[in-house]
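**Q** Sharing a structure below in structure tokens format, with a few things to ask.
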Amino acid sequence: MTALLDPVTVPIGYVGTPRLLRMPDLFEFDAHLAAHGALPALDRPALLSLLDAVHLTGRGGAGFPLAAKLRALRSGPEPVVVINGAEGEPASAKDRALLGWVPHLVLDGAQLLATAVGARRCLVAISDPALAASLRQVLACRPEFQLAGSHRTGRSVTGRSVTGRSVAGRSAAGRSAAGGFELHAVPDRFVAGEARALIAALNGGPAAPPGRRVLPTDRGIGGQPTLLCNAETLAQLAVLARLGPAAFGSVGTPTEPGGTLLTVSGAVRSPGVLEVPLGTRLGTVAAAVGALPSQAVVIGGYHGGWLAPNPELELSRAGLTAAGGTLGAGVLIFVGEQTCPLAELARVAGWLAGQSVRQCGPCTFGLPALAGELTRLAAGRGEAGNAARIAGLLPGRGACAHPDGASRFVRSGLAALAGEVHLHRAYGSCRRPDLGHLATARRVWS
Amino acid sequence: MSKQRPERLEIDWTRCDGHGLCAALLPEAIRLDDWGYPIIDQRRVAAEPVAAARRVVACCPALALRLERTG
């Protein structure tokens with residue numbers, strides 16, 4: 001059983017008492033239920049009051065309150081729930097850790113939403129083929145679930161995988177009131193994990209966000225109202241529903257109760273996915289993973305920002321906002337002292353340019369120009385002002401937030417590395433190689 | 001058709017090909033970036049007559065522009 005998991009497993013750890021990752025390898029449904037207890041069935045008002053009580057926010061990066069998403073869901077005949085497991089950030093592994101180690105917790109969260117809103121279809125969107133293979137087996141062994149007020153109908157749709165096929169306009173067959181999961185393969189691309197790009201891919205089109213703003217809660221899968229959630233958000237929901245708001249909030253900060261997953265990499269002895277209470281200090285995490293002396297940290301991934309490695313930094317949305325950063329999807333990278341940070345920045349900027357789906361001019365032309373300027377800076381040529389000016393031309397000028405996020409990442413890097421820019425100008429280089437602390441290829445974790 | 005609420009000139013970035021007609025027609029509010037794509041100053045759009053903005057929308061060869069009421 002564990003052999004099957006190997007391709008997708010990620011080292012996991014925790015600070016404090018783990019909730020999501022407390023019992024790894026809960027592959028069997030019965031073992032999962034024995035460890036976590038039965039899943040309560042909540043109606044929509046009960047679910048909303050639960051979410052409001054702890055302000056549960058989305059863990060895909062934007063931090064949007066799940067209760068607000070649920071309230072925004074248009075009423076329609078066939079609502080759909082989508083699990084976003086298409087983790088496009090090369091330095092993020094938390095969603096594949098959850099779906100690889102404790103898949104039923106994620107599926108539980110989706111089932112809670114589906115039951116509350118009467119959705120018969122839960123789509124599991126995955127880009128990693130090995131993860132898809134393991135989830136196919138998980139889904140085949142998981143029983144169907146009943147929607148509120150329905151009777152058991154003998155027909156199960158659970159575990160049917162329709163991998164890679166368009167689902168637009170495919171209405172659920174018959175009058176079955178059972179809900180089921182469907183596995184779907186989506187392209188492995190940074191932008192593909194963006195909510196509207198993912199919906200477009202699941203609807204059979206290219207994985208690119210539409211030019212006009214259409215909310216999935218209004219028109220998503222097959223034009224139906226759709227609740228699309230990050231895998232971790234759903235796992236947190238599954239834990240919240242069992243613990244209740246008081247116990248859930250026994251860790252975390254007063255405004256951000258509970259925990260979060262971090263993917264920690266770079267100049268550390270033990271990279272991996274770490275479950276920590278929200279508000280944990282950076283120094284605590286650094287000690288847990290054996291971080292080496294670092295010149296900076298990148299938090300929130302490649303749409304996030306560079307910050308000084310202050311051990312007192314509070315790892316919460318509020319704490320990072322106050323420091324001028326963002327928690328994003330929980331990517332935390334230690335940029336060690338032995339690597340050239342400007343070369344790392346330039347390489348990531350080039351990677352971000354390559355991830356553009358090339359729909360929008362400012363992103364198509366601006367990101368490569370920006371990467372070029374940064375490469376010149378790393379070689380001791382060019383002007384930091386040029387790079388900053390180009391980065392300033394990007395925000396708000398695309399169909400999705402890719403140019404905005406890339407601009408934020410580069411601008412925060414230039415601010416954090418101002419001294420390095422001067423050093424490179426004066427000496428042509430810092431005589432350190434690019435050690436690749438900021439991963440731009442999918443990390444092999446096992 | 002209230003005149004009090006200002007209108008925003010919205011771009012569908014997936015359609016815009018950088019023809020640049022908008023900047024030629026409304027240089028008071030629209031300039032072009034390094035690659036020929038429009039940079040719109042919404043406050044200046046609001047200060048111009050609505051008819052001028054409508055003309056810009058109508059003349060875009062890529063049909064990438066539209067006027068939207070704010071608020």
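Lettering and numbering for the structure tokens are positional, with chains as A, B, ... in the shown order, residues counted from 1 in each chain, and ligands counted from 1 in the shown order.
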Listing only residues of chain A within 8 Å of chain B, what is the closest atom pair and its distance in Å (to one decimal) for each, using only C-alpha atoms, sorted by chain and residue number ascending, as CSV?
**A**
residue,atom,partner,partner_atom,distance
A:Pro210,CA,B:Thr14,CA,7.5
A:Gly211,CA,B:Asp12,CA,5.1
A:Arg212,CA,B:Asp12,CA,6.3
A:Gln359,CA,B:Thr14,CA,5.0
A:Cys360,CA,B:Thr14,CA,5.0
A:Gly361,CA,B:Tyr37,CA,6.7
A:Pro362,CA,B:Tyr37,CA,6.9
A:Phe365,CA,B:Trp35,CA,6.9
A:Gly366,CA,B:Trp35,CA,7.9
A:Leu393,CA,B:Asp33,CA,7.5
A:Arg397,CA,B:Trp13,CA,7.0
A:Gly398,CA,B:Trp13,CA,5.4
A:Ala399,CA,B:Trp13,CA,5.8
**Q** Please produce a file of the residues just selected, as a compact mmCIF listing (two decimals), in the first residue's frame, where the atoms kept are C-alpha atoms.
**A**
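Done, and the output landed in again-v4.txt:
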# COMPACT_ATOMS: atom_id res chain seq x y z
CA PRO A 210 -11.34 34.06 -19.53
CA GLY A 211 -10.98 37.71 -20.52
CA ARG A 212 -14.17 38.78 -18.82
CA GLN A 359 -3.08 35.65 -23.80
CA CYS A 360 -2.45 39.21 -22.65
CA GLY A 361 0.14 41.61 -24.08
CA PRO A 362 1.59 43.10 -20.89
CA PHE A 365 6.00 40.92 -23.45
CA GLY A 366 6.48 42.44 -20.00
CA LEU A 393 3.72 48.30 -15.81
CA ARG A 397 -3.23 44.49 -16.76
CA GLY A 398 -4.18 40.91 -17.45
CA ALA A 399 -7.07 38.47 -17.41
**Q** Got a sec: who's within 12 Å of Ala52 in chain B, counting only C-alpha atoms, leaving out chain neighbours fewer than 3 positions off, as a ChimeraX atom specification?
**A** /B:7,9,22-30,44-49,55-59,67
**Q** Hey, can you check how far CA of Ser92 in chain A sits from CA of Ala387 in chain A?
**A**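 Value for the CA of Ser92 in chain A-CA of Ala387 in chain A distance: 26.5 Å.
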**Q** Near range 421-425 of chain A, counting only C-alpha atoms, which residues have an atom at most 9 Å away, once you skip same-chain residues fewer than 6 positions from it, shown as a PyMOL selection string?
**A** chain A and resi 342+377-384+414
**Q** May I have the selected residues written with N, CA and C atoms, as a CSV table (one decimal), in the first residue's frame?
**A**
chain,number,residue,atom,x,y,z
A,342,LEU,N,20.5,37.4,-6.5
A,342,LEU,CA,20.0,38.1,-7.8
A,342,LEU,C,19.9,37.1,-8.9
A,377,LEU,N,21.1,42.7,-14.3
A,377,LEU,CA,21.5,43.2,-12.9
A,377,LEU,C,22.4,42.1,-12.3
A,378,ALA,N,22.0,40.9,-12.4
A,378,ALA,CA,22.8,39.8,-11.8
A,378,ALA,C,24.2,39.8,-12.4
A,379,ALA,N,24.4,40.2,-13.6
A,379,ALA,CA,25.7,40.3,-14.3
A,379,ALA,C,26.4,41.6,-14.0
A,380,GLY,N,25.8,42.4,-13.1
A,380,GLY,CA,26.4,43.7,-12.8
A,380,GLY,C,26.2,44.8,-13.8
A,381,ARG,N,25.3,44.6,-14.7
A,381,ARG,CA,24.9,45.6,-15.7
A,381,ARG,C,23.5,46.1,-15.5
A,382,GLY,N,23.1,47.0,-16.3
A,382,GLY,CA,21.7,47.5,-16.3
A,382,GLY,C,21.5,48.4,-15.0
A,383,GLU,N,20.2,48.8,-14.9
A,383,GLU,CA,19.8,49.7,-13.9
A,383,GLU,C,18.6,49.1,-13.1
A,384,ALA,N,18.7,49.1,-11.8
A,384,ALA,CA,17.6,48.5,-11.0
A,384,ALA,C,16.3,49.3,-11.4
A,414,LEU,N,13.6,43.2,-5.4
A,414,LEU,CA,14.5,44.3,-5.7
A,414,LEU,C,14.7,45.1,-4.4
**Q** Run DSSP on the backbone and give me the residues of range 41-270 of chain A it puts in strand (DSSP E), as an MDAnalysis selection string.
**A** chainID A and resid 80:85 121:126 145:146 178:185 226:230 259:266
**Q** How would the residues just picked look written out with N, CA and C atoms as a short mmCIF file (atom, residue, chain, number, x, y, z; two decimals), in the first residue's frame?
**A**
data_model
loop_
_atom_site.label_atom_id
_atom_site.label_comp_id
_atom_site.auth_asym_id
_atom_site.auth_seq_id
_atom_site.Cartn_x
_atom_site.Cartn_y
_atom_site.Cartn_z
N VAL A 80 -22.05 22.33 -8.41
CA VAL A 80 -20.91 21.42 -8.51
C VAL A 80 -19.85 21.85 -7.49
N VAL A 81 -19.17 20.88 -6.91
CA VAL A 81 -18.04 21.17 -6.02
C VAL A 81 -16.76 20.71 -6.73
N VAL A 82 -15.73 21.55 -6.72
CA VAL A 82 -14.45 21.19 -7.34
C VAL A 82 -13.35 21.26 -6.30
N ILE A 83 -12.59 20.18 -6.20
CA ILE A 83 -11.39 20.17 -5.35
C ILE A 83 -10.21 20.56 -6.22
N ASN A 84 -9.58 21.69 -5.90
CA ASN A 84 -8.42 22.12 -6.67
C ASN A 84 -7.17 21.47 -6.08
N GLY A 85 -6.73 20.41 -6.75
CA GLY A 85 -5.49 19.73 -6.34
C GLY A 85 -4.40 19.94 -7.36
N ARG A 121 -22.22 16.30 -7.80
CA ARG A 121 -20.92 16.03 -8.43
C ARG A 121 -19.80 16.76 -7.69
N CYS A 122 -18.78 16.00 -7.31
CA CYS A 122 -17.55 16.57 -6.75
C CYS A 122 -16.42 16.23 -7.71
N LEU A 123 -15.83 17.23 -8.33
CA LEU A 123 -14.74 16.99 -9.26
C LEU A 123 -13.41 17.14 -8.53
N VAL A 124 -12.52 16.20 -8.73
CA VAL A 124 -11.18 16.26 -8.14
C VAL A 124 -10.21 16.58 -9.27
N ALA A 125 -9.67 17.80 -9.29
CA ALA A 125 -8.79 18.23 -10.38
C ALA A 125 -7.34 18.05 -9.96
N ILE A 126 -6.61 17.21 -10.70
CA ILE A 126 -5.24 16.82 -10.35
C ILE A 126 -4.35 16.98 -11.57
N PHE A 145 -21.98 9.16 -1.06
CA PHE A 145 -22.60 9.88 0.06
C PHE A 145 -24.00 10.33 -0.35
N GLN A 146 -24.85 10.46 0.66
CA GLN A 146 -26.24 10.83 0.42
C GLN A 146 -26.42 12.32 0.60
N ALA A 178 -27.60 10.52 -4.76
CA ALA A 178 -26.30 10.24 -4.17
C ALA A 178 -25.26 11.15 -4.81
N GLY A 179 -24.26 11.49 -4.03
CA GLY A 179 -23.20 12.31 -4.58
C GLY A 179 -21.97 11.47 -4.82
N GLY A 180 -21.18 11.85 -5.81
CA GLY A 180 -19.99 11.07 -6.09
C GLY A 180 -18.83 11.93 -6.55
N PHE A 181 -17.65 11.32 -6.50
CA PHE A 181 -16.43 12.02 -6.89
C PHE A 181 -16.01 11.60 -8.29
N GLU A 182 -15.47 12.54 -9.04
CA GLU A 182 -14.94 12.25 -10.38
C GLU A 182 -13.53 12.81 -10.44
N LEU A 183 -12.61 12.01 -10.93
CA LEU A 183 -11.22 12.44 -11.02
C LEU A 183 -10.94 13.03 -12.41
N HIS A 184 -10.30 14.18 -12.45
CA HIS A 184 -10.00 14.82 -13.73
C HIS A 184 -8.55 15.26 -13.80
N ALA A 185 -7.89 14.96 -14.89
CA ALA A 185 -6.52 15.40 -15.10
C ALA A 185 -6.53 16.77 -15.76
N THR A 226 -20.67 26.87 -9.07
CA THR A 226 -19.60 25.96 -8.70
C THR A 226 -18.81 26.47 -7.51
N LEU A 227 -18.62 25.59 -6.53
CA LEU A 227 -17.76 25.90 -5.39
C LEU A 227 -16.41 25.25 -5.64
N LEU A 228 -15.40 26.06 -5.92
CA LEU A 228 -14.07 25.53 -6.18
C LEU A 228 -13.17 25.88 -5.01
N CYS A 229 -12.59 24.86 -4.38
CA CYS A 229 -11.78 25.09 -3.18
C CYS A 229 -10.45 24.37 -3.28
N ASN A 230 -9.45 24.99 -2.71
CA ASN A 230 -8.14 24.38 -2.57
C ASN A 230 -8.24 23.14 -1.68
N GLY A 259 -4.75 26.08 12.27
CA GLY A 259 -3.40 25.89 11.76
C GLY A 259 -3.31 26.11 10.26
N THR A 260 -2.11 25.91 9.74
CA THR A 260 -1.92 26.02 8.30
C THR A 260 -0.79 25.10 7.88
N LEU A 261 -0.75 24.79 6.62
CA LEU A 261 0.35 23.99 6.10
C LEU A 261 1.36 24.90 5.42
N LEU A 262 2.64 24.63 5.67
CA LEU A 262 3.72 25.35 5.01
C LEU A 262 4.53 24.33 4.21
N THR A 263 4.98 24.72 3.03
CA THR A 263 5.97 23.90 2.32
C THR A 263 7.30 24.60 2.46
N VAL A 264 8.22 24.00 3.18
CA VAL A 264 9.47 24.66 3.51
C VAL A 264 10.60 24.03 2.71
N SER A 265 11.38 24.88 2.02
CA SER A 265 12.48 24.37 1.20
C SER A 265 13.61 25.40 1.17
N GLY A 266 14.59 25.18 0.30
CA GLY A 266 15.73 26.08 0.21
C GLY A 266 16.87 25.60 1.09
#
**Q** Running DSSP on the backbone, which parts of range 242-274 of chain A land in helix (DSSP H, G or I), as a PyMOL selection string?
**A** chain A and resi 242-243+245-248
**Q** Which polymer residues have any atom within 10 Å of an atom of Ala53 in chain A, counting only C-alpha atoms, with same-chain residues fewer than 6 positions away left out, as a VMD selection string?
**A** chain A and resid 47 67 244 to 246 248 to 249 257
**Q** Near Ala238 in chain A, counting only C-alpha atoms, which residues have an atom at most 7 Å away, once you skip same-chain residues fewer than 3 positions from it, shown as an NGL selection string?
**A** :A and (105 or 108-109 or 234-235 or 241-242)
